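Content type mmCIF, C-alpha atoms, from the file data35.cif:
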```cif
data_input
#
loop_
_atom_site.label_atom_id
_atom_site.label_comp_id
_atom_site.auth_asym_id
_atom_site.auth_seq_id
_atom_site.Cartn_x
_atom_site.Cartn_y
_atom_site.Cartn_z
CA MET A 22 3.84 5.53 -13.54
CA THR A 23 3.53 9.25 -12.90
CA GLU A 24 5.88 11.95 -14.15
CA GLN A 25 7.86 11.98 -10.91
CA ALA A 26 8.64 8.30 -11.00
CA LYS A 27 9.75 8.60 -14.62
CA GLU A 28 12.20 11.31 -13.61
CA GLN A 29 15.55 9.63 -13.91
CA GLU A 30 17.04 8.44 -10.66
CA TRP A 31 20.54 9.48 -9.74
CA PRO A 32 23.07 6.65 -9.73
CA LEU A 33 23.49 4.56 -6.60
CA TRP A 34 26.78 4.68 -4.68
CA GLU A 35 27.92 2.19 -2.05
CA VAL A 36 29.39 3.76 1.07
CA PHE A 37 32.37 2.37 3.02
CA ILE A 38 33.59 3.93 6.25
CA ARG A 39 36.81 3.63 8.23
CA SER A 40 35.68 4.15 11.81
CA LYS A 41 39.17 4.85 13.16
CA ALA A 42 42.81 4.71 12.13
CA GLY A 43 44.03 1.14 12.06
CA LEU A 44 40.72 -0.39 10.97
CA ASP A 45 39.47 -1.38 7.51
CA HIS A 46 36.81 0.52 5.61
CA LYS A 47 33.51 -1.27 6.14
CA HIS A 48 30.39 -1.22 3.99
CA CYS A 49 27.52 0.61 5.70
CA GLY A 50 24.88 1.41 3.08
CA SER A 51 24.24 3.40 -0.06
CA VAL A 52 23.23 6.85 -1.27
CA HIS A 53 21.89 8.31 -4.50
CA ALA A 54 23.91 11.16 -6.00
CA SER A 55 24.52 12.78 -9.37
CA ASP A 56 28.32 12.63 -9.02
CA SER A 57 31.05 11.45 -6.67
CA GLU A 58 31.35 14.78 -4.90
CA MET A 59 27.66 14.80 -4.03
CA ALA A 60 27.83 11.13 -3.04
CA MET A 61 30.63 12.00 -0.61
CA GLU A 62 28.62 14.82 0.97
CA ALA A 63 25.49 12.69 1.24
CA ALA A 64 27.47 9.81 2.75
CA ARG A 65 28.91 12.16 5.34
CA ASP A 66 25.47 13.49 6.28
CA VAL A 67 23.73 10.14 6.33
CA TYR A 68 26.34 7.84 7.85
CA THR A 69 28.65 9.92 10.07
CA ARG A 70 26.49 12.24 12.17
CA ARG A 71 28.05 10.93 15.37
CA SER A 72 31.76 10.63 14.62
CA GLU A 73 31.34 7.15 13.14
CA GLY A 74 34.19 7.67 10.73
CA ILE A 75 37.46 9.33 9.80
CA SER A 76 37.49 8.31 6.13
CA ILE A 77 34.83 7.54 3.51
CA TRP A 78 34.90 5.66 0.22
CA VAL A 79 32.02 6.02 -2.22
CA VAL A 80 31.92 3.57 -5.12
CA PRO A 81 29.40 3.45 -7.99
CA SER A 82 27.27 0.39 -7.18
CA ASN A 83 27.45 -0.84 -10.75
CA ALA A 84 31.26 -0.91 -10.56
CA ILE A 85 31.16 -3.71 -8.00
CA THR A 86 31.40 -7.30 -9.14
CA ALA A 87 29.96 -9.59 -6.50
CA SER A 88 30.15 -13.37 -6.18
CA LYS A 89 26.82 -15.07 -6.75
CA PRO A 90 25.07 -16.87 -3.89
CA GLU A 91 24.67 -19.96 -6.10
CA ASP A 92 28.46 -20.14 -6.50
CA LYS A 93 28.94 -20.31 -2.76
CA GLU A 94 29.66 -24.03 -2.70
CA SER A 95 32.19 -24.09 -5.53
CA LEU A 96 33.96 -21.01 -4.20
CA PHE A 97 34.11 -21.62 -0.50
CA GLU A 98 33.53 -25.28 0.27
CA PRO A 99 36.95 -26.46 -0.89
CA ALA A 100 38.43 -24.67 2.14
CA ASP A 101 36.26 -26.58 4.60
CA ASP A 102 38.25 -29.84 4.53
CA LYS A 103 41.69 -28.23 4.67
CA ILE A 104 41.95 -28.13 8.41
CA TYR A 105 45.74 -28.54 8.13
CA ARG A 106 45.84 -24.86 7.13
CA HIS A 107 45.06 -23.90 10.71
CA PRO A 108 47.66 -23.79 13.47
CA THR A 109 45.42 -25.78 15.84
CA PHE A 110 45.80 -28.83 13.53
CA TYR A 111 49.31 -29.43 14.90
CA ASP A 112 50.18 -30.91 18.30
CA ILE A 113 53.27 -29.30 19.74
CA PRO A 114 54.49 -30.60 23.14
CA LYS A 115 54.46 -28.05 25.96
CA GLY A 116 58.18 -28.58 26.40
CA ALA A 117 58.84 -26.90 23.05
CA GLY A 118 57.87 -23.57 24.57
CA LYS A 119 55.55 -20.91 23.23
CA MET A 120 54.87 -21.23 19.52
CA MET B 4 3.82 0.04 14.03
CA TYR B 5 6.19 2.13 11.90
CA GLY B 6 6.20 -0.53 9.26
CA ASP B 7 3.31 -2.63 10.52
CA THR B 8 1.31 -4.10 7.69
CA SER B 9 -1.06 -6.22 9.72
CA ILE B 10 -4.01 -4.00 8.82
CA GLN B 11 -3.30 -4.39 5.12
CA LYS B 12 -4.30 -7.15 2.79
CA PRO B 13 -1.75 -9.94 3.12
CA ILE B 14 0.53 -10.65 0.20
CA GLU B 15 -0.56 -13.91 -1.34
CA ILE B 16 1.74 -16.84 -0.94
CA ALA B 17 1.94 -18.89 -4.09
CA GLU B 18 2.20 -22.68 -3.92
CA PRO B 19 5.55 -23.89 -5.24
CA THR B 20 5.23 -24.52 -8.98
CA SER B 21 7.96 -27.13 -9.26
CA GLU B 22 9.94 -29.60 -7.18
CA GLU B 23 12.95 -27.35 -7.54
CA GLN B 24 11.04 -24.44 -6.09
CA ALA B 25 9.71 -26.50 -3.22
CA ARG B 26 13.29 -27.52 -2.44
CA LEU B 27 14.44 -23.88 -2.49
CA GLU B 28 11.62 -22.89 -0.16
CA GLU B 29 12.59 -25.63 2.24
CA ILE B 30 16.24 -24.54 2.29
CA PHE B 31 15.12 -20.93 2.79
CA GLN B 32 12.89 -21.78 5.77
CA GLN B 33 15.65 -23.91 7.26
CA LYS B 34 18.02 -20.91 7.15
CA ILE B 35 15.41 -18.76 8.89
CA ASP B 36 14.84 -21.43 11.54
CA ASP B 37 18.60 -21.68 12.10
CA ASN B 38 18.79 -17.89 12.52
CA ILE B 39 20.96 -17.45 9.44
CA LYS B 40 20.30 -13.98 8.00
CA ILE B 41 19.05 -13.66 4.45
CA GLU B 42 21.21 -11.42 2.26
CA PRO B 43 20.24 -9.44 -0.87
CA GLN B 44 21.10 -11.64 -3.86
CA GLU B 45 19.99 -14.92 -2.28
CA TRP B 46 16.93 -16.84 -3.36
CA MET B 47 13.82 -15.92 -1.37
CA PRO B 48 10.10 -16.57 -1.88
CA ASP B 49 8.34 -13.85 -3.81
CA ALA B 50 5.95 -13.13 -0.97
CA TYR B 51 8.84 -12.73 1.50
CA ARG B 52 10.41 -10.13 -0.79
CA LYS B 53 7.12 -8.30 -1.34
CA THR B 54 6.18 -8.32 2.33
CA LEU B 55 9.57 -6.86 3.23
CA VAL B 56 9.47 -4.22 0.50
CA ARG B 57 6.06 -3.08 1.70
CA GLN B 58 7.00 -3.07 5.37
CA MET B 59 10.38 -1.41 4.88
CA SER B 60 9.13 1.28 2.51
CA GLN B 61 6.31 2.14 4.91
CA HIS B 62 8.77 2.21 7.77
CA ALA B 63 11.00 4.60 5.80
CA HIS B 64 8.01 6.79 4.90
CA SER B 65 7.09 7.00 8.60
CA GLU B 66 10.54 8.30 9.45
CA VAL B 67 10.40 10.92 6.72
CA ILE B 68 6.83 12.07 7.41
CA GLY B 69 7.72 12.09 11.11
CA MET B 70 9.94 15.10 10.47
CA GLN B 71 6.91 17.29 9.82
CA PRO B 72 5.17 17.61 13.21
CA GLU B 73 8.52 18.50 14.79
CA GLY B 74 9.64 20.79 11.99
CA ASN B 75 6.71 23.04 12.88
CA TRP B 76 8.31 23.85 16.22
CA LEU B 77 11.88 24.64 15.15
CA SER B 78 11.33 28.38 14.94
CA ARG B 79 9.52 28.39 18.28
CA ALA B 80 12.00 26.44 20.41
CA PRO B 81 12.36 28.25 23.74
CA SER B 82 16.18 28.23 23.80
CA LEU B 83 19.14 27.66 21.52
CA ARG B 84 19.88 24.42 23.40
CA ARG B 85 16.43 23.05 22.66
CA LYS B 86 16.64 24.24 19.07
CA VAL B 87 19.90 22.45 18.24
CA ILE B 88 18.58 19.28 19.91
CA LEU B 89 15.38 19.42 17.86
CA LEU B 90 17.32 20.09 14.66
CA ALA B 91 19.59 17.11 15.31
CA LYS B 92 16.62 14.88 16.05
CA ILE B 93 14.81 15.86 12.86
CA GLN B 94 17.97 15.31 10.84
CA ASP B 95 18.18 11.84 12.39
CA GLU B 96 14.63 11.03 11.27
CA GLY B 97 15.59 11.94 7.72
CA GLY B 98 18.72 9.79 8.07
CA HIS B 99 16.68 6.87 9.40
CA GLY B 100 14.40 7.10 6.41
CA LEU B 101 17.44 6.96 4.12
CA TYR B 102 18.97 3.93 5.90
CA ILE B 103 15.75 2.02 5.36
CA TYR B 104 15.16 3.17 1.76
CA SER B 105 18.72 2.08 1.05
CA ALA B 106 18.06 -1.34 2.64
CA ALA B 107 14.76 -1.70 0.75
CA GLU B 108 16.50 -1.00 -2.57
CA THR B 109 18.61 -4.14 -2.07
CA LEU B 110 15.38 -6.07 -2.69
CA GLY B 111 15.05 -4.67 -6.20
CA THR B 112 12.63 -1.80 -5.73
CA THR B 113 13.60 1.77 -6.61
CA ARG B 114 13.61 4.91 -4.50
CA ALA B 115 11.43 6.72 -7.05
CA LYS B 116 8.79 4.00 -6.95
CA MET B 117 8.63 4.04 -3.16
CA ILE B 118 8.28 7.83 -3.06
CA GLU B 119 5.59 7.69 -5.73
CA GLN B 120 3.59 5.21 -3.68
CA LEU B 121 3.82 7.47 -0.64
CA GLN B 122 2.69 10.50 -2.60
CA THR B 123 -0.21 8.75 -4.30
CA GLY B 124 -1.40 7.22 -1.03
CA LYS B 125 -0.76 3.66 -2.17
CA ALA B 126 1.76 3.20 0.62
CA LYS B 127 0.91 4.04 4.22
CA TYR B 128 2.97 5.42 7.06
CA SER B 129 2.52 5.27 10.82
CA SER B 130 -0.85 6.63 11.93
CA ILE B 131 0.78 8.61 14.74
CA PHE B 132 2.12 11.29 12.38
CA ASN B 133 -1.37 12.26 11.32
CA TYR B 134 -1.90 13.91 14.69
CA PRO B 135 -0.88 17.55 15.02
CA ALA B 136 1.81 18.84 17.41
CA LEU B 137 -0.12 21.59 19.17
CA SER B 138 2.12 22.67 22.03
CA TRP B 139 5.81 22.81 22.90
CA ALA B 140 5.21 19.97 25.37
CA ASP B 141 4.38 17.78 22.35
CA MET B 142 8.08 17.93 21.38
CA GLY B 143 8.83 16.14 24.64
CA THR B 144 5.88 13.77 24.49
CA ILE B 145 6.70 12.70 20.94
CA GLY B 146 10.26 11.86 21.99
CA TRP B 147 9.21 10.05 25.14
CA LEU B 148 6.11 8.16 23.95
CA VAL B 149 6.31 8.00 20.16
CA ASP B 150 10.03 7.31 19.95
CA GLY B 151 9.72 5.10 23.02
CA ALA B 152 7.12 2.99 21.22
CA ALA B 153 9.30 3.03 18.11
CA ILE B 154 12.30 1.72 20.06
CA THR B 155 10.25 -1.13 21.52
CA ASN B 156 9.29 -2.16 18.00
CA GLN B 157 12.66 -1.58 16.40
CA VAL B 158 14.65 -3.54 18.96
CA ALA B 159 12.50 -6.53 17.96
CA LEU B 160 12.97 -5.75 14.25
CA SER B 161 16.74 -5.57 14.65
CA ARG B 162 16.66 -9.34 15.26
CA GLY B 163 14.70 -9.92 12.05
CA SER B 164 15.78 -12.30 9.30
CA TYR B 165 16.68 -9.88 6.50
CA GLY B 166 20.29 -8.73 6.89
CA PRO B 167 20.16 -5.17 5.51
CA TYR B 168 16.94 -4.34 7.42
CA SER B 169 18.29 -5.77 10.64
CA ARG B 170 21.55 -3.80 10.30
CA ALA B 171 19.64 -0.57 9.61
CA MET B 172 17.56 -1.22 12.75
CA ILE B 173 20.64 -1.68 14.92
CA ARG B 174 22.00 1.66 13.74
CA ILE B 175 18.63 3.34 14.27
CA CYS B 176 18.10 1.95 17.77
CA LYS B 177 21.39 3.47 18.91
CA GLU B 178 20.22 6.88 17.74
CA GLU B 179 16.61 6.61 18.95
CA SER B 180 17.79 6.41 22.52
CA PHE B 181 18.87 10.05 22.26
CA HIS B 182 15.41 10.90 20.90
CA GLN B 183 13.60 9.37 23.82
CA ARG B 184 15.90 10.77 26.46
CA GLN B 185 15.83 14.34 25.15
CA GLY B 186 12.02 14.12 25.12
CA TYR B 187 11.79 12.86 28.67
CA GLU B 188 14.25 15.50 29.85
CA LEU B 189 12.17 18.20 28.18
CA LEU B 190 9.08 16.93 30.01
CA LEU B 191 10.95 16.73 33.32
CA THR B 192 11.84 20.39 32.91
CA LEU B 193 8.18 21.26 32.34
CA SER B 194 7.15 19.14 35.35
CA ARG B 195 9.34 21.34 37.56
CA GLY B 196 8.00 24.56 36.05
CA SER B 197 4.98 26.80 36.55
CA ASP B 198 1.40 25.54 36.93
CA GLU B 199 0.83 26.50 33.33
CA GLN B 200 3.78 24.39 32.18
CA LYS B 201 2.62 21.42 34.24
CA GLU B 202 -0.80 21.73 32.68
CA MET B 203 0.70 21.88 29.21
CA LEU B 204 2.61 18.67 29.97
CA GLN B 205 -0.46 16.80 31.21
CA GLU B 206 -2.60 17.98 28.30
CA SER B 207 0.00 16.82 25.79
CA VAL B 208 0.30 13.35 27.35
CA ASN B 209 -3.51 13.08 27.40
CA ARG B 210 -3.58 13.57 23.65
CA PHE B 211 -0.66 11.28 22.75
CA TRP B 212 -1.14 8.32 25.09
CA TRP B 213 -3.78 6.40 23.14
CA PRO B 214 -2.42 7.13 19.66
CA SER B 215 0.98 5.88 20.92
CA LEU B 216 -0.59 2.58 21.97
CA MET B 217 -2.27 2.32 18.55
CA MET B 218 1.16 2.50 16.91
CA PHE B 219 1.64 -1.20 17.67
CA GLY B 220 -1.28 -2.09 15.40
CA PRO B 221 -4.45 -4.15 15.97
CA ASN B 222 -4.83 -6.73 18.71
CA ASP B 223 -3.32 -10.10 17.88
CA ALA B 224 -6.76 -11.66 17.43
CA ASP B 225 -7.42 -9.12 14.67
CA SER B 226 -4.17 -9.52 12.75
CA PRO B 227 -4.40 -13.13 11.61
CA HIS B 228 -1.81 -12.90 8.85
CA SER B 229 0.94 -11.84 11.25
CA ALA B 230 1.63 -15.56 11.59
CA GLN B 231 3.44 -15.80 8.25
CA SER B 232 5.63 -12.80 9.10
CA MET B 233 6.48 -14.45 12.41
CA LYS B 234 7.38 -17.70 10.64
CA TRP B 235 9.70 -15.77 8.34
CA LYS B 236 11.05 -13.78 11.31
CA ILE B 237 10.18 -10.53 9.60
CA LYS B 238 8.23 -9.94 12.78
CA LYS B 239 9.71 -11.25 16.01
CA LYS B 240 7.06 -10.30 18.55
CA SER B 241 3.31 -9.83 18.26
CA ASN B 242 1.55 -6.46 18.39
CA ASP B 243 0.08 -7.12 21.85
CA GLN B 244 3.38 -8.38 23.22
CA LEU B 245 5.18 -5.22 22.13
CA ARG B 246 2.38 -2.97 23.37
CA GLN B 247 2.51 -4.62 26.79
CA GLU B 248 6.29 -4.23 26.95
CA PHE B 249 5.96 -0.54 26.15
CA ILE B 250 3.23 0.06 28.75
CA ASP B 251 5.14 -1.79 31.46
CA ALA B 252 8.24 0.32 30.82
CA THR B 253 6.37 3.61 30.51
CA VAL B 254 4.01 3.67 33.50
CA PRO B 255 6.77 4.07 36.12
CA GLN B 256 8.28 6.87 34.01
CA ALA B 257 4.91 8.65 34.03
CA GLU B 258 4.74 8.30 37.81
CA PHE B 259 8.20 9.81 38.12
CA LEU B 260 7.05 12.75 36.00
CA GLY B 261 4.13 13.23 38.38
CA ILE B 262 1.50 13.00 35.67
CA THR B 263 -1.49 10.72 35.15
CA LEU B 264 -2.05 8.56 32.08
CA PRO B 265 -5.57 8.98 30.65
CA ASP B 266 -6.76 5.42 31.26
CA PRO B 267 -8.88 4.66 34.36
CA ASP B 268 -8.37 0.91 33.79
CA LEU B 269 -4.59 1.15 33.92
CA LYS B 270 -3.37 -0.78 36.97
CA TRP B 271 -0.71 -3.25 38.00
CA ASN B 272 -1.81 -6.87 37.84
CA GLU B 273 0.22 -8.79 40.37
CA GLU B 274 -0.84 -12.16 38.99
CA ARG B 275 0.16 -11.40 35.39
CA GLY B 276 3.19 -9.36 36.36
CA HIS B 277 2.04 -6.70 33.88
CA TYR B 278 -0.12 -3.59 33.78
CA ASP B 279 -3.73 -4.07 32.70
CA TYR B 280 -5.04 -1.38 30.41
CA GLY B 281 -8.31 -0.20 28.91
CA GLN B 282 -9.92 -0.73 25.54
CA ILE B 283 -8.25 1.01 22.58
CA ASP B 284 -10.53 2.93 20.22
CA TRP B 285 -9.92 0.93 17.05
CA GLU B 286 -12.47 2.92 15.12
CA GLU B 287 -10.32 6.00 15.52
CA PHE B 288 -7.26 4.01 14.45
CA GLY B 289 -9.08 2.79 11.32
CA ASN B 290 -10.15 6.30 10.45
CA VAL B 291 -6.67 7.77 10.80
CA ILE B 292 -4.98 4.96 8.87
CA ASN B 293 -7.53 5.25 6.09
CA GLY B 294 -6.86 8.91 5.46
CA ASN B 295 -9.28 10.69 7.78
CA GLY B 296 -6.99 11.69 10.63
CA PRO B 297 -6.49 15.35 11.54
CA CYS B 298 -3.40 15.85 9.34
CA ASN B 299 -3.31 13.12 6.65
CA LYS B 300 -3.86 15.44 3.69
CA GLN B 301 -1.52 18.10 5.04
CA ARG B 302 1.35 15.62 5.54
CA VAL B 303 1.27 14.18 2.04
CA ALA B 304 0.72 17.63 0.52
CA ALA B 305 3.79 19.00 2.32
CA HIS B 306 5.90 16.07 1.07
CA LEU B 307 4.69 16.57 -2.47
CA LYS B 308 5.33 20.32 -2.32
CA ALA B 309 8.91 19.88 -1.12
CA HIS B 310 9.48 17.23 -3.78
CA GLU B 311 8.13 19.38 -6.60
CA GLU B 312 9.88 22.53 -5.45
CA GLY B 313 13.16 20.61 -5.37
CA ALA B 314 12.78 19.35 -8.94
CA TRP B 315 14.92 22.14 -10.41
CA VAL B 316 17.75 21.34 -7.98
CA ARG B 317 17.74 17.73 -9.07
CA GLU B 318 17.68 18.76 -12.71
CA ALA B 319 20.55 21.21 -12.24
CA ALA B 320 22.70 18.66 -10.41
CA GLY B 321 22.02 16.12 -13.15
CA ALA B 322 22.96 18.60 -15.86
CA TYR B 323 26.15 19.56 -14.01
CA ALA B 324 27.20 15.93 -13.62
CA GLU B 325 26.61 15.33 -17.30
CA LYS B 326 28.66 18.39 -18.26
CA GLN B 327 31.56 17.32 -16.04
CA GLN B 328 31.49 13.85 -17.53
CA LYS B 329 31.65 15.24 -21.07
CA LYS B 330 34.58 17.46 -20.08
CA GLN B 331 36.42 14.43 -18.78
CA VAL B 332 35.85 12.50 -21.98
CA ALA B 333 37.00 15.44 -24.14
#
```
Translate the structure described by the file into structure tokens.
Amino acid sequence: MTEQAKEQEWPLWEVFIRSKAGLDHKHCGSVHASDSEMAMEAARDVYTRRSEGISIWVVPSNAITASKPEDKESLFEPADDKIYRHPTFYDIPKGAGKM
Amino acid sequence: MYGDTSIQKPIEIAEPTSEEQARLEEIFQQKIDDNIKIEPQEWMPDAYRKTLVRQMSQHAHSEVIGMQPEGNWLSRAPSLRRKVILLAKIQDEGGHGLYIYSAAETLGTTRAKMIEQLQTGKAKYSSIFNYPALSWADMGTIGWLVDGAAITNQVALSRGSYGPYSRAMIRICKEESFHQRQGYELLLTLSRGSDEQKEMLQESVNRFWWPSLMMFGPNDADSPHSAQSMKWKIKKKSNDQLRQEFIDATVPQAEFLGITLPDPDLKWNEERGHYDYGQIDWEEFGNVINGNGPCNKQRVAAHLKAHEEGAWVREAAGAYAEKQQKKQVA
């Protein structure tokens, strides 16, 4: 590797944007920055050039704990056979009115 | 195209080394066939990962290098209106590069490694940016033809199988539309201007037409290893398919501008329902891609210069962050 590639990379930050009041922040990408202030400025420049947001979160990527793809079955499959957790599971006669 | 790798040596696909691996490959292909997107941490064949890293990094490099031909004209824009438009467009190109670098990093490569490969010539970028922008009309032609060709390609890529790449493409496509429209509007203005301006317009289109068609890469018959990318849905349409789509959409726009396209064989084919077009000069394409275009050396040198001249800024920001962190600990 050359000298440039050896130059230490700035930490990676994940960027979350709230597009308008009333909506959740949503992940949209990442930026490299030396600190949180710079990450915020970079996120603004990269991800909100066209009024895509009214609020930004930047989070150090290494602070995120993510579920592993191989744990998908044990984590999420148990919910698949619990159809009684959904309102459509229950038959309510029309006569009972709106419910 | 921007990230087309069909002229490069294909990445070798290893035979599965165990039953377990064969099973994983089968599950993977089934997901692709069922149009389920592949997300970062999931199992994927090595060659799929490598093909994507190469394509995405080269796509990102194209966006970043693409800022250069336009940057040359910022100080010579004929009005403030045109200047702010051009500035916004160039900033977008930089942003597009960053979206794709960010998506490529989810595959385990680093930003520094990708940049190094660009600067050492190991990675390529779109051949189109090795042509110079010689007149103000080129600012319009690049938007109309080059970004137009890019949109054709990127709309197809936005339906690709890798989640982060596909999401970056969707975002980019929304913004590229502004790029193409501002370019066409610029050319329309010239087409209503003086004889000199009309001539400038025609001359610019004459230079950019063929290189724009080359952006889609070699003819299908000459890109045999595209098949694997199609199977993995990294590529959704073939080079010739995309090129035809672009030509069919562009010819009527040229007619509306009142210009001619520099191809005597270009004509509507009623039977095919498409425009026929002439032979592309693949020798020129090969030369430009392999480093002998008009601006290859200049483009990489300019990137390297900016990178090196910015080294002290990166150092200073790093030192500042470290100091702040120590203060917090104390």
Evaluating the PyMOL selection byres ((chain B) within 10 of (chain A)) on the displayed file yields which residues, as a VMD selection string?
-> chain B and resid 42 to 46 91 94 to 95 97 to 106 108 to 109 113 to 120 122 to 123 167 170 to 171 174 178 310 to 311 314 317 to 325 327 to 328
As a check of understanding: the span from CA of His46 (chain A) to CA of Lys40 (chain B) is 22.1 Å
Output check: residues returned by the PyMOL selection byres ((chain B and resi 88) around 12), as a PyMOL selection string | chain B and resi 73+76-77+80-87+89-95+142-143+146+181-186+188-189
Find the residue from B:Gly124, B:Glu96, B:Ala152, B:Trp212 that sits nearest to Leu307 (chain B); use all atoms listed in the file when measuring.
-> B:Gly124
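Here CA of Ser65 (chain B) is placed at a distance of 20.6 Å from CA of Gly166 (chain B).
Take CA of Gly296 (chain B) and CA of Pro13 (chain B): the distance between them is 23.5 Å.
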For region 275-284 of chain B, work out the shell of residues within 10 Å, counting only C-alpha atoms and skipping chain neighbours fewer than 5 positions away, then give it as a list of chain:residue names.
-> B:Trp213, B:Pro214, B:Leu216, B:Met217, B:Pro221, B:Asn222, B:Gln247, B:Glu248, B:Ile250, B:Asp251, B:Ala252, B:Val254, B:Pro265, B:Asp266, B:Pro267, B:Asp268, B:Leu269, B:Lys270, B:Gly289
Excluding Ser82 (chain A) and any residue of its chain fewer than 2 positions from it, enumerate the residues within 8 Å of it, using all atoms listed in the file, and give them as number ranges by chain.
-> A: 32-35, 80, 84-85
Who sits within 9 Å of Ile39 (chain B), all atoms listed in the file, same chain under 5 positions skipped, as a JSON list (two decimals) with C-alpha atoms, in the coordinates of the input:
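Output saved as out.json:
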```
[["chain", "number", "residue", "atom", "x", "y", "z"],
["B", 33, "GLN", "CA", 15.65, -23.91, 7.26],
["B", 34, "LYS", "CA", 18.02, -20.91, 7.15],
["B", 164, "SER", "CA", 15.78, -12.30, 9.30]]
```
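Against the coordinates shown, the PyMOL selection byres ((chain A and resi 77) around 7) returns Phe37, Ile38, Arg39, Ser76, Trp78 and Val79 of chain A.
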Place a sphere of radius 10 Å on (14.6, -4.4, 19.7) in the file coordinates and name every protein, DNA or RNA residue with an atom inside or on its surface, counting only C-alpha atoms; give the answer as a ChimeraX atom specification.
-> /B:153-163,169,172-173,176,239-240,245
